[in-house]
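Engineer: Sharing a structure here in structure tokens format.
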Amino acid sequence: MDGHNSVSDTVMIEADGMHFRDLNARIRAAAAAGARKIILSSVCGQRYLGTGISRDMEIEIHGTPGNDLGAFMNGPKITVFGNAQDGCGNTMNRGAIIIHGHAGDVLGLAARGGKILVQGGVGYRAGIHMKEYQEKKPVVVIGGTAQDFLGEYMAGGIIILLGLTLNGGEAHRARFIGTGMHGGVIYVRGKVGEFQVGREVGMASPGEEDLAIIKRHVEEFAACFGYDAQKILAHDFVKLFPRYLRPYGRLYAY
């Protein structure tokens with residue numbers, strides 16, 4: 001049963017069987033009316049949830065949202081109690097997406113601000129085309145591991161890959177990490193070989209400033225998902241960074 005009596009209300013929406021267009025219309029109407037929190041139950045594949053909303057508010061999702069969750073988002077905090085599909089945070093500008101589960105491909109595509117925290121693993125091309133805009137710097141923290149092309153064509157922002165789902169000394173399996181990367185930084189907890197990264201990517205041990213950045217975001221991740229941040233931080237990290245500002249610039253020169 002829905003409730004919506006004042007701007008301070010929490011709006012409850014039962015999404016079972018609802019078409020994604022109808023569900024999004026209900027969400028937008030509640031947001032426009034001033035709801036501070038919307039709780040969606042029985043979500044099953046509905047797309048574009050939270051897309052384009054430009055308010056500081058909360059959206060809580062129980063179930064599995066469809067593609068492009070929080071696309072073009074500019075302010076809300078979305079929490080998913082379940083897995084998420086492809087395109088989470090597509091071109092998001094501000095806000096947060098917190099996923100208590102796994103996420104699909106192209107997570108954070110072209111994000112230019114905000115943060116995405118994923119408790120589990122992610123699919124292919126997470127962080128592709130991430131960028132920075134003025135004071136905005138997107139952050140993606142992945143608790144598990146990632147598939148190939150993590151941070152492909154990355155132009156800005158921060159990706160932290162924690163590998164908490166790996167066993168013992170097991171290495172990450174992603175290949176072509178940072179292919180075409182020309183900005184931003186990727187921090188990997190655990191083992192990653194030079195053969196796994198793009199030719200444009202350098203590898204180094206994190207410096208003091210890097211460790212401070214890692215610590216801040218890992219502590220937030222641990223607080224969200226109930227981990228011990230100190231245990232996570234006790235392991236070594238590798239810093240991946242772009243060697244060149246324009247790795248393919250010569251291909252377009254006359």
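Residue numbers start at 1 in each chain; chains themselves are named A, B, ... in the order of the structure tokens; ligands are numbered from 1 in the order shown.
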Could you pull the residues within 12 Å of Leu233 of chain A, counting only C-alpha atoms, minus those fewer than 3 positions along the same chain, as a PyMOL selection string?
Structural biologist: chain A and resi 160+162-164+187-190+211-219+221-222+227-230+236-237
Engineer: Go through A:Thr165, A:Glu220, A:Ile159, A:Gly113 and flag the residue nearest Phe241 of chain A, using only C-alpha atoms for the distances.
Structural biologist: A:Ile159
Engineer: Do you know which residues are at most 7 Å from segment 70-79 of chain A counting only C-alpha atoms, after dropping those on the same chain fewer than 2 positions away, and could you put them as a PDB file with N, CA and C atoms, in the first residue's frame?
Structural biologist:
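Okay, out11.pdb is ready:
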```pdb
ATOM      1  N   TYR A  48      15.795   1.724 -15.639  1.00  0.00           N
ATOM      2  CA  TYR A  48      15.890   3.188 -15.525  1.00  0.00           C
ATOM      3  C   TYR A  48      15.443   3.738 -14.172  1.00  0.00           C
ATOM      4  N   LEU A  49      15.448   2.924 -13.139  1.00  0.00           N
ATOM      5  CA  LEU A  49      14.979   3.408 -11.833  1.00  0.00           C
ATOM      6  C   LEU A  49      15.916   4.502 -11.317  1.00  0.00           C
ATOM      7  N   GLY A  50      15.324   5.614 -10.903  1.00  0.00           N
ATOM      8  CA  GLY A  50      16.119   6.736 -10.401  1.00  0.00           C
ATOM      9  C   GLY A  50      16.771   7.574 -11.469  1.00  0.00           C
ATOM     10  N   THR A  51      16.536   7.259 -12.716  1.00  0.00           N
ATOM     11  CA  THR A  51      17.191   7.972 -13.813  1.00  0.00           C
ATOM     12  C   THR A  51      16.779   9.441 -13.849  1.00  0.00           C
ATOM     13  N   GLY A  52      17.784  10.296 -13.932  1.00  0.00           N
ATOM     14  CA  GLY A  52      17.554  11.717 -14.142  1.00  0.00           C
ATOM     15  C   GLY A  52      17.031  12.491 -12.956  1.00  0.00           C
ATOM     16  N   ILE A  53      16.916  11.886 -11.798  1.00  0.00           N
ATOM     17  CA  ILE A  53      16.400  12.612 -10.630  1.00  0.00           C
ATOM     18  C   ILE A  53      17.479  13.541 -10.089  1.00  0.00           C
ATOM     19  N   SER A  54      17.124  14.778  -9.837  1.00  0.00           N
ATOM     20  CA  SER A  54      18.079  15.795  -9.378  1.00  0.00           C
ATOM     21  C   SER A  54      17.672  16.351  -8.023  1.00  0.00           C
ATOM     22  N   ARG A  55      17.548  15.446  -7.042  1.00  0.00           N
ATOM     23  CA  ARG A  55      17.214  15.861  -5.676  1.00  0.00           C
ATOM     24  C   ARG A  55      18.019  15.025  -4.702  1.00  0.00           C
ATOM     25  N   ASP A  56      18.324  15.591  -3.540  1.00  0.00           N
ATOM     26  CA  ASP A  56      18.949  14.828  -2.472  1.00  0.00           C
ATOM     27  C   ASP A  56      17.861  14.064  -1.736  1.00  0.00           C
ATOM     28  N   MET A  57      17.750  12.788  -2.039  1.00  0.00           N
ATOM     29  CA  MET A  57      16.731  11.938  -1.446  1.00  0.00           C
ATOM     30  C   MET A  57      17.252  10.501  -1.473  1.00  0.00           C
ATOM     31  N   GLU A  58      16.492   9.578  -0.883  1.00  0.00           N
ATOM     32  CA  GLU A  58      16.890   8.179  -0.856  1.00  0.00           C
ATOM     33  C   GLU A  58      15.887   7.317  -1.620  1.00  0.00           C
ATOM     34  N   ILE A  59      16.425   6.337  -2.340  1.00  0.00           N
ATOM     35  CA  ILE A  59      15.607   5.320  -2.990  1.00  0.00           C
ATOM     36  C   ILE A  59      16.138   3.969  -2.533  1.00  0.00           C
ATOM     37  N   GLU A  60      15.286   3.182  -1.911  1.00  0.00           N
ATOM     38  CA  GLU A  60      15.687   1.870  -1.403  1.00  0.00           C
ATOM     39  C   GLU A  60      14.996   0.806  -2.251  1.00  0.00           C
ATOM     40  N   ILE A  61      15.797  -0.111  -2.803  1.00  0.00           N
ATOM     41  CA  ILE A  61      15.267  -1.091  -3.733  1.00  0.00           C
ATOM     42  C   ILE A  61      15.453  -2.499  -3.169  1.00  0.00           C
ATOM     43  N   ASP A  68      20.584   0.344 -16.435  1.00  0.00           N
ATOM     44  CA  ASP A  68      20.659   1.804 -16.311  1.00  0.00           C
ATOM     45  C   ASP A  68      20.041   2.326 -15.022  1.00  0.00           C
ATOM     46  N   PHE A  81      19.143  -3.815  -2.233  1.00  0.00           N
ATOM     47  CA  PHE A  81      19.293  -5.038  -1.447  1.00  0.00           C
ATOM     48  C   PHE A  81      19.054  -6.217  -2.385  1.00  0.00           C
ATOM     49  N   CYS A  88      24.675   0.433 -14.380  1.00  0.00           N
ATOM     50  CA  CYS A  88      24.409   1.200 -13.151  1.00  0.00           C
ATOM     51  C   CYS A  88      25.234   2.493 -13.154  1.00  0.00           C
ATOM     52  N   GLY A  89      24.580   3.605 -12.847  1.00  0.00           N
ATOM     53  CA  GLY A  89      25.299   4.874 -12.762  1.00  0.00           C
ATOM     54  C   GLY A  89      25.754   5.411 -14.098  1.00  0.00           C
ATOM     55  N   ASN A  90      25.125   5.018 -15.176  1.00  0.00           N
ATOM     56  CA  ASN A  90      25.461   5.501 -16.510  1.00  0.00           C
ATOM     57  C   ASN A  90      25.412   7.028 -16.551  1.00  0.00           C
ATOM     58  N   THR A  91      26.563   7.650 -16.774  1.00  0.00           N
ATOM     59  CA  THR A  91      26.679   9.112 -16.897  1.00  0.00           C
ATOM     60  C   THR A  91      26.142   9.825 -15.662  1.00  0.00           C
ATOM     61  N   MET A  92      26.243   9.229 -14.493  1.00  0.00           N
ATOM     62  CA  MET A  92      25.774   9.902 -13.285  1.00  0.00           C
ATOM     63  C   MET A  92      26.653  11.098 -12.975  1.00  0.00           C
ATOM     64  N   ASN A  93      26.041  12.101 -12.365  1.00  0.00           N
ATOM     65  CA  ASN A  93      26.715  13.361 -12.091  1.00  0.00           C
ATOM     66  C   ASN A  93      26.971  13.570 -10.599  1.00  0.00           C
ATOM     67  N   ARG A  94      26.049  13.101  -9.760  1.00  0.00           N
ATOM     68  CA  ARG A  94      26.167  13.295  -8.313  1.00  0.00           C
ATOM     69  C   ARG A  94      25.250  12.307  -7.617  1.00  0.00           C
ATOM     70  N   GLY A  95      25.630  11.897  -6.407  1.00  0.00           N
ATOM     71  CA  GLY A  95      24.826  10.959  -5.648  1.00  0.00           C
ATOM     72  C   GLY A  95      25.599   9.692  -5.349  1.00  0.00           C
ATOM     73  N   ALA A  96      24.884   8.626  -4.949  1.00  0.00           N
ATOM     74  CA  ALA A  96      25.527   7.369  -4.582  1.00  0.00           C
ATOM     75  C   ALA A  96      24.632   6.200  -4.944  1.00  0.00           C
ATOM     76  N   ILE A  97      25.260   5.111  -5.365  1.00  0.00           N
ATOM     77  CA  ILE A  97      24.568   3.840  -5.591  1.00  0.00           C
ATOM     78  C   ILE A  97      25.293   2.789  -4.771  1.00  0.00           C
ATOM     79  N   ILE A  98      24.577   2.138  -3.869  1.00  0.00           N
ATOM     80  CA  ILE A  98      25.160   1.133  -2.976  1.00  0.00           C
ATOM     81  C   ILE A  98      24.453  -0.185  -3.250  1.00  0.00           C
ATOM     82  N   ILE A  99      25.213  -1.191  -3.668  1.00  0.00           N
ATOM     83  CA  ILE A  99      24.636  -2.454  -4.116  1.00  0.00           C
ATOM     84  C   ILE A  99      25.070  -3.577  -3.182  1.00  0.00           C
TER      85      ILE A  99
END
```
Engineer: As a ChimeraX atom specification, which residues of segment 13-242 of chain A does DSSP assign to strand (DSSP E or B)?
Structural biologist: /A:13-14,37-44,58-64,74-81,94-99,115-118,133,136,139-142,155-161,177,183-189,197,201-204,237-242
Engineer: Just write the chosen residues, C-alpha atoms, as a compact mmCIF listing (two decimals), in the first residue's frame.
Structural biologist:
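File produced: out_28.txt:
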```
# COMPACT_ATOMS: atom_id res chain seq x y z
CA ILE A 13 5.68 1.28 -3.79
CA GLU A 14 4.97 -2.38 -4.53
CA LYS A 37 12.63 8.37 0.81
CA ILE A 38 11.06 5.92 -1.62
CA ILE A 39 11.06 2.20 -0.84
CA LEU A 40 10.48 -0.13 -3.77
CA SER A 41 9.62 -3.76 -3.04
CA SER A 42 9.46 -6.81 -5.36
CA VAL A 43 11.52 -5.11 -8.06
CA CYS A 44 12.23 -7.53 -10.90
CA GLU A 58 16.89 8.18 -0.86
CA ILE A 59 15.61 5.32 -2.99
CA GLU A 60 15.69 1.87 -1.40
CA ILE A 61 15.27 -1.09 -3.73
CA HIS A 62 14.41 -4.64 -2.69
CA GLY A 63 14.87 -7.06 -5.56
CA THR A 64 16.82 -6.89 -8.82
CA ASN A 74 22.20 14.11 -9.89
CA GLY A 75 21.79 13.74 -6.15
CA PRO A 76 19.89 10.72 -4.83
CA LYS A 77 21.28 7.88 -2.78
CA ILE A 78 20.13 4.53 -4.16
CA THR A 79 20.54 1.40 -2.05
CA VAL A 80 19.91 -1.99 -3.64
CA PHE A 81 19.29 -5.04 -1.45
CA ARG A 94 26.17 13.30 -8.31
CA GLY A 95 24.83 10.96 -5.65
CA ALA A 96 25.53 7.37 -4.58
CA ILE A 97 24.57 3.84 -5.59
CA ILE A 98 25.16 1.13 -2.98
CA ILE A 99 24.64 -2.45 -4.12
CA LYS A 115 30.12 7.14 -6.04
CA ILE A 116 29.18 3.52 -6.62
CA LEU A 117 29.88 0.85 -3.99
CA VAL A 118 29.38 -2.82 -4.91
CA TYR A 133 34.28 17.41 -14.31
CA LYS A 136 33.54 16.32 -9.35
CA VAL A 139 34.53 6.87 -7.25
CA VAL A 140 33.80 3.17 -7.80
CA VAL A 141 34.64 0.62 -5.09
CA ILE A 142 34.20 -3.06 -5.97
CA ALA A 155 39.75 9.71 -18.31
CA GLY A 156 39.31 10.50 -14.61
CA GLY A 157 38.05 9.34 -11.25
CA ILE A 158 39.00 6.51 -8.91
CA ILE A 159 38.37 2.76 -9.13
CA ILE A 160 39.24 0.52 -6.17
CA LEU A 161 39.12 -3.24 -6.72
CA ILE A 177 42.70 -3.45 -17.48
CA GLY A 183 43.32 9.81 -16.75
CA GLY A 184 42.25 8.78 -13.27
CA VAL A 185 43.67 5.97 -11.16
CA ILE A 186 42.89 2.32 -10.36
CA TYR A 187 43.90 0.72 -7.06
CA VAL A 188 43.93 -3.08 -6.96
CA ARG A 189 44.12 -5.03 -3.72
CA VAL A 197 46.95 -4.33 -18.06
CA VAL A 201 49.08 1.62 -18.02
CA GLY A 202 51.88 1.97 -15.49
CA MET A 203 52.11 -0.01 -12.27
CA ALA A 204 53.53 1.20 -8.94
CA PHE A 237 47.57 -2.61 -3.12
CA VAL A 238 48.86 -1.92 -6.62
CA LYS A 239 48.41 1.48 -8.24
CA LEU A 240 47.56 1.55 -11.95
CA PHE A 241 47.92 4.88 -13.73
CA PRO A 242 48.04 6.21 -17.31
```
Engineer: Which distance in Å separates atom CA of Gly123 of chain A and atom CA of Arg21 of chain A, to one decimal?
Structural biologist: 26.1 Å
Engineer: Work out how far atom CA of Pro65 of chain A is from atom CA of His100 of chain A, in Å to one decimal.
Structural biologist: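 Atom CA of Pro65 of chain A lies at a distance of 12.2 Å from atom CA of His100 of chain A.
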Engineer: Which residue is closest to Asp148 of chain A? Choose from A:Glu170, A:Glu135, A:Asp210, A:Asp105 and count only C-alpha atoms.
Structural biologist: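 Smallest distance to Asp148 of chain A is found for A:Asp105.
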Engineer: For a quick check of understanding, using only C-alpha atoms, which of A:Asp86, A:Asp9, A:Glu200, A:Glu194 has the smallest distance to Leu109 of chain A?
Structural biologist: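 Of A:Asp86, A:Asp9, A:Glu200, A:Glu194, the one nearest Leu109 of chain A is A:Asp86, counting only C-alpha atoms.
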